[in-house]
file data20.cif (mmCIF, C-alpha atoms)
data_my_file
#
loop_
_atom_site.label_atom_id
_atom_site.label_comp_id
_atom_site.auth_asym_id
_atom_site.auth_seq_id
_atom_site.Cartn_x
_atom_site.Cartn_y
_atom_site.Cartn_z
CA MET A 1 130.69 97.42 161.45
CA PRO A 2 126.99 96.92 160.96
CA VAL A 3 127.40 95.13 157.65
CA SER A 4 126.25 91.57 158.27
CA VAL A 5 129.13 89.11 158.45
CA GLU A 6 126.81 86.12 158.57
CA ASN A 7 124.79 87.16 155.55
CA SER A 8 127.91 88.07 153.61
CA LYS A 9 129.09 84.50 154.22
CA ILE A 10 125.82 83.15 152.90
CA VAL A 11 126.21 85.19 149.73
CA TYR A 12 129.84 84.15 149.39
CA ASN A 13 128.99 80.49 149.85
CA GLY A 14 126.35 80.88 147.16
CA LEU A 15 129.04 82.11 144.77
CA LYS A 16 131.30 79.21 145.70
CA ARG A 17 128.56 76.64 145.18
CA SER A 18 127.85 78.16 141.79
CA GLY A 19 131.43 77.42 140.78
CA VAL A 20 132.72 80.99 140.73
CA LYS A 21 136.52 81.05 140.60
CA ILE A 22 137.25 84.71 139.84
CA VAL A 23 135.66 87.67 141.60
CA SER A 24 136.28 91.21 140.36
CA ALA A 25 135.47 93.89 142.87
CA LEU A 26 135.65 97.51 143.80
CA PRO A 27 135.23 98.13 147.52
CA GLU A 28 132.04 99.57 148.92
CA THR A 29 130.79 99.47 152.48
CA TRP A 30 128.26 96.70 152.02
CA LEU A 31 130.76 94.54 150.14
CA VAL A 32 133.55 94.69 152.69
CA HIS A 33 133.08 91.19 154.13
CA LEU A 34 132.41 89.64 150.75
CA ILE A 35 135.67 91.08 149.43
CA ASN A 36 137.58 89.95 152.51
CA LEU A 37 136.15 86.45 152.17
CA ALA A 38 137.31 86.31 148.55
CA ALA A 39 140.75 87.65 149.52
CA ALA A 40 141.17 85.02 152.24
CA ASP A 41 140.07 82.13 150.05
CA PRO A 42 143.03 80.38 148.40
CA ASP A 43 140.71 78.85 145.80
CA MET A 44 139.36 82.21 144.69
CA THR A 45 141.10 84.78 142.50
CA LEU A 46 140.10 88.26 143.63
CA VAL A 47 140.82 91.02 141.13
CA ARG A 48 140.78 94.44 142.75
CA LEU A 49 139.72 96.93 140.12
CA THR A 50 140.32 100.60 139.57
CA ARG A 51 136.96 100.93 137.82
CA GLU A 52 134.07 98.56 137.21
CA GLU A 53 134.40 98.70 133.43
CA GLU A 54 137.49 96.53 133.69
CA ALA A 55 135.44 93.77 135.27
CA ILE A 56 133.38 93.32 132.12
CA GLY A 57 136.56 92.64 130.16
CA ILE A 58 137.98 90.34 132.84
CA SER A 59 134.77 88.31 133.02
CA ALA A 60 134.59 88.14 129.23
CA GLY A 61 138.10 86.72 129.11
CA ALA A 62 137.37 84.28 131.89
CA HIS A 63 134.15 83.09 130.29
CA LEU A 64 135.76 82.45 126.91
CA ALA A 65 138.48 80.51 128.74
CA GLY A 66 135.85 78.40 130.52
CA VAL A 67 136.14 79.90 134.00
CA ARG A 68 133.18 81.17 135.97
CA SER A 69 133.43 84.62 137.44
CA ALA A 70 131.31 87.14 139.30
CA LEU A 71 131.32 90.90 139.73
CA LEU A 72 130.92 92.65 143.07
CA MET A 73 130.04 96.26 142.70
CA GLN A 74 127.94 99.10 143.95
CA ASN A 75 125.03 100.26 141.86
CA HIS A 76 127.03 103.35 140.92
CA GLY A 77 129.72 101.01 139.66
CA PHE A 78 127.11 99.26 137.58
CA LEU A 79 126.12 102.64 136.15
CA ALA A 80 129.80 103.30 135.38
CA ALA A 81 130.05 100.01 133.48
CA ILE A 82 127.08 100.40 131.16
CA ASN A 83 129.05 100.98 127.97
CA PRO A 84 131.08 97.76 128.23
CA ILE A 85 127.97 95.87 129.30
CA VAL A 86 126.37 97.04 126.05
CA SER A 87 129.34 97.01 123.71
CA LEU A 88 131.11 93.93 125.02
CA ALA A 89 128.71 91.70 126.97
CA PHE A 90 125.64 92.29 124.79
CA LEU A 91 127.55 92.52 121.53
CA TYR A 92 129.54 89.33 122.11
CA LYS A 93 126.94 87.41 124.10
CA ILE A 94 128.95 87.23 127.31
CA PRO A 95 127.23 86.02 130.49
CA LEU A 96 127.86 88.14 133.57
CA LEU A 97 126.89 87.40 137.14
CA MET A 98 126.68 90.86 138.69
CA LEU A 99 126.13 91.25 142.43
CA ILE A 100 125.19 94.86 142.94
CA SER A 101 124.81 96.53 146.31
CA TYR A 102 121.58 98.44 146.11
CA ARG A 103 122.52 101.72 147.74
CA GLY A 104 120.45 104.87 147.73
CA HIS A 105 117.08 103.25 148.10
CA MET A 106 114.65 102.90 151.02
CA GLY A 107 116.42 103.57 154.31
CA GLU A 108 119.44 105.29 152.75
CA ARG A 109 120.95 108.04 154.89
CA ASP A 110 123.73 109.15 152.52
CA PRO A 111 122.33 111.81 150.22
CA TRP A 112 124.99 111.16 147.57
CA GLN A 113 123.76 107.61 147.07
CA THR A 114 120.17 108.52 146.37
CA PRO A 115 120.10 109.61 142.68
CA GLY A 116 121.76 106.35 141.67
CA GLY A 117 119.48 104.41 143.95
CA ARG A 118 116.45 105.80 142.24
CA LEU A 119 117.80 104.96 138.79
CA THR A 120 119.20 101.47 139.31
CA GLU A 121 116.10 99.45 138.53
CA PRO A 122 114.89 101.68 135.67
CA VAL A 123 118.32 101.33 134.05
CA LEU A 124 118.36 97.55 134.52
CA LYS A 125 114.91 97.42 132.93
CA ALA A 126 115.93 99.73 130.07
CA LEU A 127 118.87 97.43 129.37
CA ASP A 128 116.58 94.39 129.60
CA ILE A 129 118.90 92.79 132.13
CA PRO A 130 117.11 90.14 134.20
CA TYR A 131 117.47 90.93 137.89
CA ASP A 132 116.38 89.74 141.26
CA HIS A 133 116.55 91.10 144.81
CA LEU A 134 118.55 89.20 147.39
CA THR A 135 116.55 89.77 150.56
CA ASN A 136 116.01 86.57 152.52
CA THR A 137 118.90 84.40 153.60
CA ALA A 138 116.97 81.21 152.93
CA ASP A 139 116.69 82.08 149.23
CA VAL A 140 120.14 83.52 148.53
CA GLU A 141 121.95 80.36 147.46
CA ARG A 142 119.15 79.26 145.16
CA GLN A 143 118.87 82.74 143.65
CA ILE A 144 122.60 82.94 142.92
CA SER A 145 122.55 79.50 141.36
CA GLU A 146 119.51 80.37 139.25
CA ALA A 147 121.05 83.67 138.14
CA GLN A 148 124.22 81.83 137.13
CA THR A 149 122.20 79.28 135.19
CA LEU A 150 120.24 81.96 133.36
CA ALA A 151 123.34 84.01 132.55
CA GLU A 152 125.01 80.97 130.97
CA SER A 153 121.98 79.67 129.11
CA SER A 154 121.00 83.08 127.73
CA LEU A 155 124.60 84.32 127.35
CA THR A 156 123.65 87.66 128.82
CA PRO A 157 124.37 89.67 131.95
CA VAL A 158 122.17 88.95 134.96
CA ALA A 159 122.01 91.12 138.09
CA LEU A 160 121.34 90.34 141.72
CA LEU A 161 120.62 93.36 143.89
CA LEU A 162 122.03 93.04 147.39
CA SER A 163 119.37 94.59 149.59
CA ARG A 164 119.75 96.64 152.75
CA GLN A 165 117.71 94.02 154.58
CA LEU A 166 120.24 91.33 153.71
CA MET A 167 123.50 93.27 154.02
CA TRP A 168 122.91 95.67 156.89
CA GLU A 169 122.34 94.90 160.53
CA PRO A 170 120.25 97.63 162.13
CA MET B 1 157.79 101.77 111.55
CA GLN B 2 154.64 100.48 109.93
CA ARG B 3 152.30 98.52 112.19
CA ILE B 4 151.85 95.80 109.59
CA ASP B 5 155.60 95.16 109.50
CA ALA B 6 155.71 94.76 113.26
CA LEU B 7 152.73 92.40 113.08
CA ARG B 8 154.44 90.45 110.32
CA ALA B 9 157.50 90.07 112.53
CA VAL B 10 155.55 88.47 115.39
CA TYR B 11 153.00 86.56 113.33
CA PRO B 12 154.93 83.27 113.16
CA ASP B 13 155.47 83.28 116.95
CA ILE B 14 151.81 83.61 117.94
CA GLU B 15 150.50 80.46 116.36
CA ASN B 16 149.65 78.92 119.71
CA ASP B 17 149.17 82.00 121.84
CA ILE B 18 145.92 83.55 122.99
CA VAL B 19 145.74 86.80 121.03
CA VAL B 20 143.37 89.69 121.74
CA THR B 21 143.39 92.79 119.55
CA ILE B 22 141.60 96.11 119.62
CA MET B 23 139.35 97.18 116.78
CA GLY B 24 140.36 99.13 113.72
CA ALA B 25 143.69 98.95 111.96
CA VAL B 26 145.27 96.47 114.38
CA ALA B 27 142.46 93.96 113.88
CA ALA B 28 142.24 94.47 110.13
CA GLU B 29 145.98 94.18 109.59
CA LEU B 30 146.42 91.09 111.74
CA TYR B 31 143.44 89.54 109.97
CA SER B 32 145.00 90.41 106.60
CA LEU B 33 148.06 88.33 107.49
CA GLY B 34 145.79 85.31 107.89
CA HIS B 35 143.15 84.68 110.50
CA ARG B 36 143.70 81.98 113.09
CA GLN B 37 141.19 80.59 115.56
CA ASN B 38 143.29 81.82 118.48
CA PHE B 39 142.83 85.47 117.43
CA PHE B 40 140.04 87.46 119.06
CA TYR B 41 139.31 90.90 117.64
CA LEU B 42 137.51 93.06 120.19
CA GLN B 43 135.43 95.15 117.81
CA HIS B 44 134.26 97.75 120.31
CA ALA B 45 134.49 98.34 124.05
CA MET B 46 137.59 100.46 123.58
CA GLY B 47 140.14 100.06 126.33
CA LEU B 48 139.06 96.62 127.44
CA ALA B 49 141.31 94.40 125.32
CA SER B 50 143.87 94.46 128.14
CA SER B 51 141.19 93.68 130.75
CA MET B 52 140.11 90.72 128.62
CA GLY B 53 143.75 89.74 128.44
CA LEU B 54 143.93 89.75 132.23
CA GLY B 55 140.84 87.56 132.50
CA LEU B 56 142.30 85.16 129.95
CA ALA B 57 145.75 85.14 131.54
CA LEU B 58 144.34 84.38 134.99
CA SER B 59 142.09 81.66 133.57
CA LYS B 60 144.76 80.02 131.39
CA PRO B 61 147.99 80.43 133.37
CA ASN B 62 149.80 77.87 131.24
CA ARG B 63 149.19 79.66 127.97
CA ARG B 64 150.70 82.87 126.75
CA VAL B 65 148.37 85.81 126.20
CA ILE B 66 149.24 88.57 123.74
CA VAL B 67 147.27 91.81 123.90
CA LEU B 68 147.61 94.00 120.80
CA ASP B 69 146.49 97.39 122.04
CA GLY B 70 146.63 100.96 120.77
CA ASP B 71 147.33 104.34 122.30
CA GLY B 72 143.75 105.61 121.90
CA SER B 73 142.28 102.46 123.43
CA LEU B 74 144.73 102.26 126.30
CA LEU B 75 144.24 105.93 127.18
CA MET B 76 140.53 105.17 127.62
CA ASN B 77 141.30 102.68 130.39
CA LEU B 78 144.59 103.69 132.01
CA GLY B 79 143.48 102.09 135.27
CA THR B 80 144.03 98.73 133.56
CA LEU B 81 147.78 99.32 133.90
CA SER B 82 147.57 99.48 137.70
CA THR B 83 145.36 96.40 137.80
CA LEU B 84 147.56 94.40 135.44
CA ALA B 85 150.70 95.43 137.30
CA TRP B 86 149.14 94.34 140.59
CA TYR B 87 148.40 90.81 139.39
CA ALA B 88 151.33 90.87 136.95
CA PRO B 89 150.44 87.72 135.02
CA LYS B 90 153.73 86.25 133.85
CA ASN B 91 152.06 84.90 130.75
CA LEU B 92 150.95 88.25 129.32
CA ILE B 93 152.71 90.46 126.80
CA HIS B 94 151.06 93.82 126.25
CA VAL B 95 151.93 95.34 122.89
CA VAL B 96 150.76 98.90 122.30
CA PHE B 97 150.84 100.26 118.78
CA ASP B 98 151.21 103.96 119.40
CA ASN B 99 150.43 105.98 116.29
CA GLN B 100 149.67 109.05 118.44
CA SER B 101 146.23 109.33 116.92
CA LEU B 102 142.73 107.98 116.72
CA LEU B 103 143.28 106.81 113.19
CA SER B 104 140.04 105.08 112.33
CA VAL B 105 137.87 108.00 113.46
CA GLY B 106 139.54 110.82 111.60
CA GLY B 107 143.13 110.78 112.80
CA PHE B 108 142.69 113.14 115.71
CA PRO B 109 145.79 113.35 117.89
CA THR B 110 145.95 111.55 121.24
CA ALA B 111 147.87 112.70 124.30
CA THR B 112 150.87 110.59 123.27
CA SER B 113 151.37 113.05 120.39
CA ALA B 114 152.00 115.68 123.05
CA ARG B 115 153.63 114.57 126.30
CA SER B 116 152.21 111.30 127.55
CA ASP B 117 154.54 108.32 127.61
CA LEU B 118 152.65 105.04 127.83
CA ALA B 119 155.69 102.90 128.63
CA GLY B 120 156.56 105.38 131.37
CA ILE B 121 153.04 105.18 132.78
CA ALA B 122 153.22 101.37 132.66
CA GLN B 123 156.59 101.36 134.44
CA LYS B 124 155.36 103.62 137.19
CA SER B 125 152.18 101.57 137.44
CA GLY B 126 154.42 98.65 138.31
CA TYR B 127 154.94 96.70 135.08
CA PRO B 128 158.13 94.68 135.59
CA GLU B 129 159.19 95.69 132.09
CA ALA B 130 158.01 98.35 129.66
CA THR B 131 159.91 99.73 126.73
CA THR B 132 159.37 101.98 123.72
CA VAL B 133 160.69 101.04 120.29
CA ARG B 134 160.75 102.92 117.02
CA SER B 135 161.97 100.43 114.43
CA VAL B 136 160.93 96.94 113.40
CA GLU B 137 164.38 95.72 114.34
CA ASP B 138 164.10 97.09 117.89
CA PHE B 139 160.55 95.83 118.11
CA THR B 140 161.65 92.31 117.22
CA THR B 141 164.46 92.44 119.79
CA ALA B 142 162.06 93.67 122.50
CA TRP B 143 159.51 91.04 121.50
CA ARG B 144 162.04 88.18 121.77
CA ALA B 145 163.24 89.49 125.13
CA ALA B 146 159.66 89.68 126.40
CA ARG B 147 158.98 86.10 125.34
CA GLU B 148 162.09 84.86 127.09
CA ARG B 149 161.54 86.94 130.20
CA LEU B 150 158.25 85.31 131.20
CA GLU B 151 157.10 88.36 133.10
CA LEU B 152 154.39 90.88 132.43
CA SER B 153 155.90 93.08 129.73
CA MET B 154 154.83 96.03 127.68
CA ILE B 155 156.24 97.00 124.33
CA VAL B 156 155.13 100.38 123.02
CA ALA B 157 155.76 100.38 119.29
CA LYS B 158 155.76 103.87 117.82
CA VAL B 159 154.15 103.37 114.42
CA LYS B 160 153.10 105.59 111.54
CA ALA B 161 149.53 106.82 111.57
CA ALA B 162 148.62 104.78 108.52
CA GLY B 163 146.21 101.92 108.26
CA PRO B 164 144.95 99.42 105.73
CA LYS B 165 142.90 100.54 102.75
CA SER B 166 139.94 98.66 104.13
CA PHE B 167 138.91 97.77 107.64
CA LEU B 168 136.52 95.11 106.37
CA MET B 169 136.96 91.62 107.77
CA ASP B 170 134.98 88.68 106.46
CA LEU B 171 134.39 87.35 109.95
CA PRO B 172 131.18 88.07 111.87
CA LEU B 173 131.81 89.03 115.49
CA LEU B 174 129.98 86.07 116.95
CA GLU B 175 131.68 83.60 114.66
CA ASN B 176 135.00 84.92 115.92
CA ARG B 177 133.77 84.74 119.52
CA PHE B 178 132.54 81.14 119.42
CA GLN B 179 135.45 79.94 117.32
CA PHE B 180 137.88 81.50 119.80
CA GLN B 181 136.05 79.98 122.77
CA ARG B 182 136.08 76.55 121.13
CA TRP B 183 139.79 76.84 120.40
CA LEU B 184 140.42 77.72 124.06
CA LYS B 185 138.51 74.61 125.10
CA GLU B 186 140.66 72.31 122.98
#

call {"tool": "encode", "arguments": {"input": "data20.cif", "output": "structure tokens"}}
result
Amino acid sequence: MPVSVENSKIVYNGLKRSGVKIVSALPETWLVHLINLAAADPDMTLVRLTREEEAIGISAGAHLAGVRSALLMQNHGFLAAINPIVSLAFLYKIPLLMLISYRGHMGERDPWQTPGGRLTEPVLKALDIPYDHLTNTADVERQISEAQTLAESSLTPVALLLSRQLMWEP
Amino acid sequence: MQRIDALRAVYPDIENDIVVTIMGAVAAELYSLGHRQNFFYLQHAMGLASSMGLGLALSKPNRRVIVLDGDGSLLMNLGTLSTLAWYAPKNLIHVVFDNQSLLSVGGFPTATSARSDLAGIAQKSGYPEATTVRSVEDFTTAWRAARERLELSMIVAKVKAAGPKSFLMDLPLLENRFQFQRWLKE
């Protein structure tokens, strides 16, 4: 599979170093290694979702109970979760660390991914969610740590877009 | 059965439990019995009280989590039943007050007024235990059994479609949120 194992490990290690103990995820091609790493890690609780909306509730519960969590989802999953992001995370000031695979953008071959790809950043901006692109391996750990810090200090959702450059091996 | 009577029956038992309710009548009626710092009223995000319960149950495995849900809310997030059944937290009791309607928004009927059976859906989703009760007496029996069982359990309580006169609660959302978080820390 041309999804990068090495870079997935770097992202996963970034989550670990940021103290993440619960990962909620819905499978998507680019996330396959990340999900497998979480599943194989006895110190990580992986919650396999039916829909991304659930993850907002799970992370809210975990946060109030003092446990750090992260969300692994595709950008279409992010789009599916907008209502709970607004009416749970914003309303109740819940930090979320959202790792979103940025499908449907430059280099995308699957036509069905492209409308969502075009809308991901405009929607993040409309929601005023701080976001960053994970592109270079040397920056990933620092970026995850900084996103985690900002989410917790501002008590808001923060997004990291997993780029094609990082996740896909040509 | 009236919802408030069922709530009254369990109220003394949940003094030290983590309690998450949905919005509307369930929140207002529990609050009317006397607010406690361990009660969190999810005043929106319909369907996610049970997902919050899962996050809490996984994060606090040594505490009991009580989710007070409703038919309208649960029907908005039926996938939660599969997810909860998969992880099956032993410390979670999922109570669903089924009044077969969306009471606080005009009393429109939900699918449970026709054919849908939430306890049946929970059972087939893999809940170790799910039962439907129609009287306060049966509710109390099911509740005690669920507490003794120490397994993920659902109790669907068929209640009248009647709520409190007022849904007003003198508790701002964020006060509830930070109070609840602080209580969980202690």

call {"tool": "interface_residues", "arguments": {"input": "data20.cif", "of": "chain B", "to": "chain A", "cutoff": "9 Å", "atoms": "all atoms listed in the file", "output": "PDB file with C-alpha atoms, in the frame of the given file"}}
result
ATOM      1  CA  LEU B  42     137.510  93.060 120.190  1.00  0.00           C
ATOM      2  CA  GLN B  43     135.430  95.150 117.810  1.00  0.00           C
ATOM      3  CA  HIS B  44     134.260  97.750 120.310  1.00  0.00           C
ATOM      4  CA  ALA B  45     134.490  98.340 124.050  1.00  0.00           C
ATOM      5  CA  MET B  46     137.590 100.460 123.580  1.00  0.00           C
ATOM      6  CA  GLY B  47     140.140 100.060 126.330  1.00  0.00           C
ATOM      7  CA  LEU B  48     139.060  96.620 127.440  1.00  0.00           C
ATOM      8  CA  ALA B  49     141.310  94.400 125.320  1.00  0.00           C
ATOM      9  CA  SER B  50     143.870  94.460 128.140  1.00  0.00           C
ATOM     10  CA  SER B  51     141.190  93.680 130.750  1.00  0.00           C
ATOM     11  CA  MET B  52     140.110  90.720 128.620  1.00  0.00           C
ATOM     12  CA  GLY B  53     143.750  89.740 128.440  1.00  0.00           C
ATOM     13  CA  LEU B  54     143.930  89.750 132.230  1.00  0.00           C
ATOM     14  CA  GLY B  55     140.840  87.560 132.500  1.00  0.00           C
ATOM     15  CA  LEU B  56     142.300  85.160 129.950  1.00  0.00           C
ATOM     16  CA  ALA B  57     145.750  85.140 131.540  1.00  0.00           C
ATOM     17  CA  LEU B  58     144.340  84.380 134.990  1.00  0.00           C
ATOM     18  CA  SER B  59     142.090  81.660 133.570  1.00  0.00           C
ATOM     19  CA  LYS B  60     144.760  80.020 131.390  1.00  0.00           C
ATOM     20  CA  ASN B  77     141.300 102.680 130.390  1.00  0.00           C
ATOM     21  CA  GLY B  79     143.480 102.090 135.270  1.00  0.00           C
ATOM     22  CA  THR B  80     144.030  98.730 133.560  1.00  0.00           C
ATOM     23  CA  SER B  82     147.570  99.480 137.700  1.00  0.00           C
ATOM     24  CA  THR B  83     145.360  96.400 137.800  1.00  0.00           C
ATOM     25  CA  TRP B  86     149.140  94.340 140.590  1.00  0.00           C
ATOM     26  CA  TYR B  87     148.400  90.810 139.390  1.00  0.00           C
ATOM     27  CA  LEU B 173     131.810  89.030 115.490  1.00  0.00           C
ATOM     28  CA  LEU B 174     129.980  86.070 116.950  1.00  0.00           C
ATOM     29  CA  ARG B 177     133.770  84.740 119.520  1.00  0.00           C
ATOM     30  CA  PHE B 178     132.540  81.140 119.420  1.00  0.00           C
ATOM     31  CA  PHE B 180     137.880  81.500 119.800  1.00  0.00           C
ATOM     32  CA  GLN B 181     136.050  79.980 122.770  1.00  0.00           C
ATOM     33  CA  ARG B 182     136.080  76.550 121.130  1.00  0.00           C
ATOM     34  CA  LEU B 184     140.420  77.720 124.060  1.00  0.00           C
ATOM     35  CA  LYS B 185     138.510  74.610 125.100  1.00  0.00           C
TER      36      LYS B 185
END

call {"tool": "resolve_selection", "arguments": {"input": "data20.cif", "expression": "the PyMOL selection byres ((chain A and resi 141) around 10)", "output": "ChimeraX atom specification"}}
result
/A:10-18,134,136-140,142-147

call {"tool": "residues_around", "arguments": {"input": "data20.cif", "residues": "Lys124 in chain B", "least_positions_apart": "6", "cutoff": "10 Å", "atoms": "only C-alpha atoms", "output": "ChimeraX atom specification"}}
result
/B:81-82,85,118,130

call {"tool": "atom_distance", "arguments": {"input": "data20.cif", "atom1": "CA of Ala142 in chain B", "atom2": "CA of Ile4 in chain B"}}
result
16.6 Å

call {"tool": "resolve_selection", "arguments": {"input": "data20.cif", "expression": "the PyMOL selection byres ((chain B and resi 163-170) around 7)", "output": "list in words"}}
result
Gly24, Ala25, Ala28, Glu29, Ala161, Ala162, Leu171 and Pro172 of chain B

call {"tool": "residues_around", "arguments": {"input": "data20.cif", "residues": "Lys160 in chain B", "least_positions_apart": "3", "cutoff": "9 Å", "atoms": "only C-alpha atoms", "output": "PyMOL selection string"}}
result
chain B and resi 1-3+98-100+163

call {"tool": "resolve_selection", "arguments": {"input": "data20.cif", "expression": "the PyMOL selection byres ((chain A and resi 32) around 12)", "output": "list of chain:residue names"}}
result
A:Met1, A:Pro2, A:Val3, A:Ser4, A:Val5, A:Asn7, A:Ser8, A:Lys9, A:Tyr12, A:Ala25, A:Leu26, A:Pro27, A:Glu28, A:Thr29, A:Trp30, A:Leu31, A:His33, A:Leu34, A:Ile35, A:Asn36, A:Leu37, A:Ala38, A:Ala39, A:Leu72, A:Met73, A:Gln74, A:Ser101, A:Met167, A:Trp168

call {"tool": "atom_distance", "arguments": {"input": "data20.cif", "atom1": "CA of Ala126 in chain A", "atom2": "CA of Asp110 in chain A"}}
result
25.6 Å

call {"tool": "residues_around", "arguments": {"input": "data20.cif", "residues": "Ile93 in chain B", "least_positions_apart": "5", "cutoff": "8 Å", "atoms": "all atoms listed in the file", "output": "list in words"}}
result
Arg64, Val65, Ile66, Val67, Ala146, Arg147, Glu151, Leu152, Ser153, Met154 and Ile155 of chain B

call {"tool": "write_last_selection", "arguments": {"input": "data20.cif", "atoms": "C-alpha atoms", "output": "compact mmCIF listing (two decimals), keeping the file's coordinate frame"}}
result
# COMPACT_ATOMS: atom_id res chain seq x y z
CA ARG B 64 150.70 82.87 126.75
CA VAL B 65 148.37 85.81 126.20
CA ILE B 66 149.24 88.57 123.74
CA VAL B 67 147.27 91.81 123.90
CA ALA B 146 159.66 89.68 126.40
CA ARG B 147 158.98 86.10 125.34
CA GLU B 151 157.10 88.36 133.10
CA LEU B 152 154.39 90.88 132.43
CA SER B 153 155.90 93.08 129.73
CA MET B 154 154.83 96.03 127.68
CA ILE B 155 156.24 97.00 124.33

call {"tool": "atom_distance", "arguments": {"input": "data20.cif", "atom1": "CA of Val105 in chain B", "atom2": "CA of Asp117 in chain B"}}
result
21.9 Å

call {"tool": "residues_around", "arguments": {"input": "data20.cif", "residues": "Arg149 in chain B", "least_positions_apart": "4", "cutoff": "10 Å", "atoms": "only C-alpha atoms", "output": "list in words"}}
result
Lys90, Asn91, Glu129, Trp143, Arg144, Ala145 and Ser153 of chain B

call {"tool": "residues_around", "arguments": {"input": "data20.cif", "residues": "Gln37 in chain B", "least_positions_apart": "3", "cutoff": "8 Å", "atoms": "only C-alpha atoms", "output": "PyMOL selection string"}}
result
chain B and resi 40+176+179-180+183

call {"tool": "write_last_selection", "arguments": {"input": "data20.cif", "atoms": "C-alpha atoms", "output": "JSON list (two decimals), in the coordinates of the input"}}
result
[["chain", "number", "residue", "atom", "x", "y", "z"],
["B", 40, "PHE", "CA", 140.04, 87.46, 119.06],
["B", 176, "ASN", "CA", 135.00, 84.92, 115.92],
["B", 179, "GLN", "CA", 135.45, 79.94, 117.32],
["B", 180, "PHE", "CA", 137.88, 81.50, 119.80],
["B", 183, "TRP", "CA", 139.79, 76.84, 120.40]]

call {"tool": "closest_residue", "arguments": {"input": "data20.cif", "among": "A:Pro95, A:Gly77, A:Pro115, A:Pro42", "to": "Gln148 in chain A", "atoms": "all atoms listed in the file"}}
result
A:Pro95
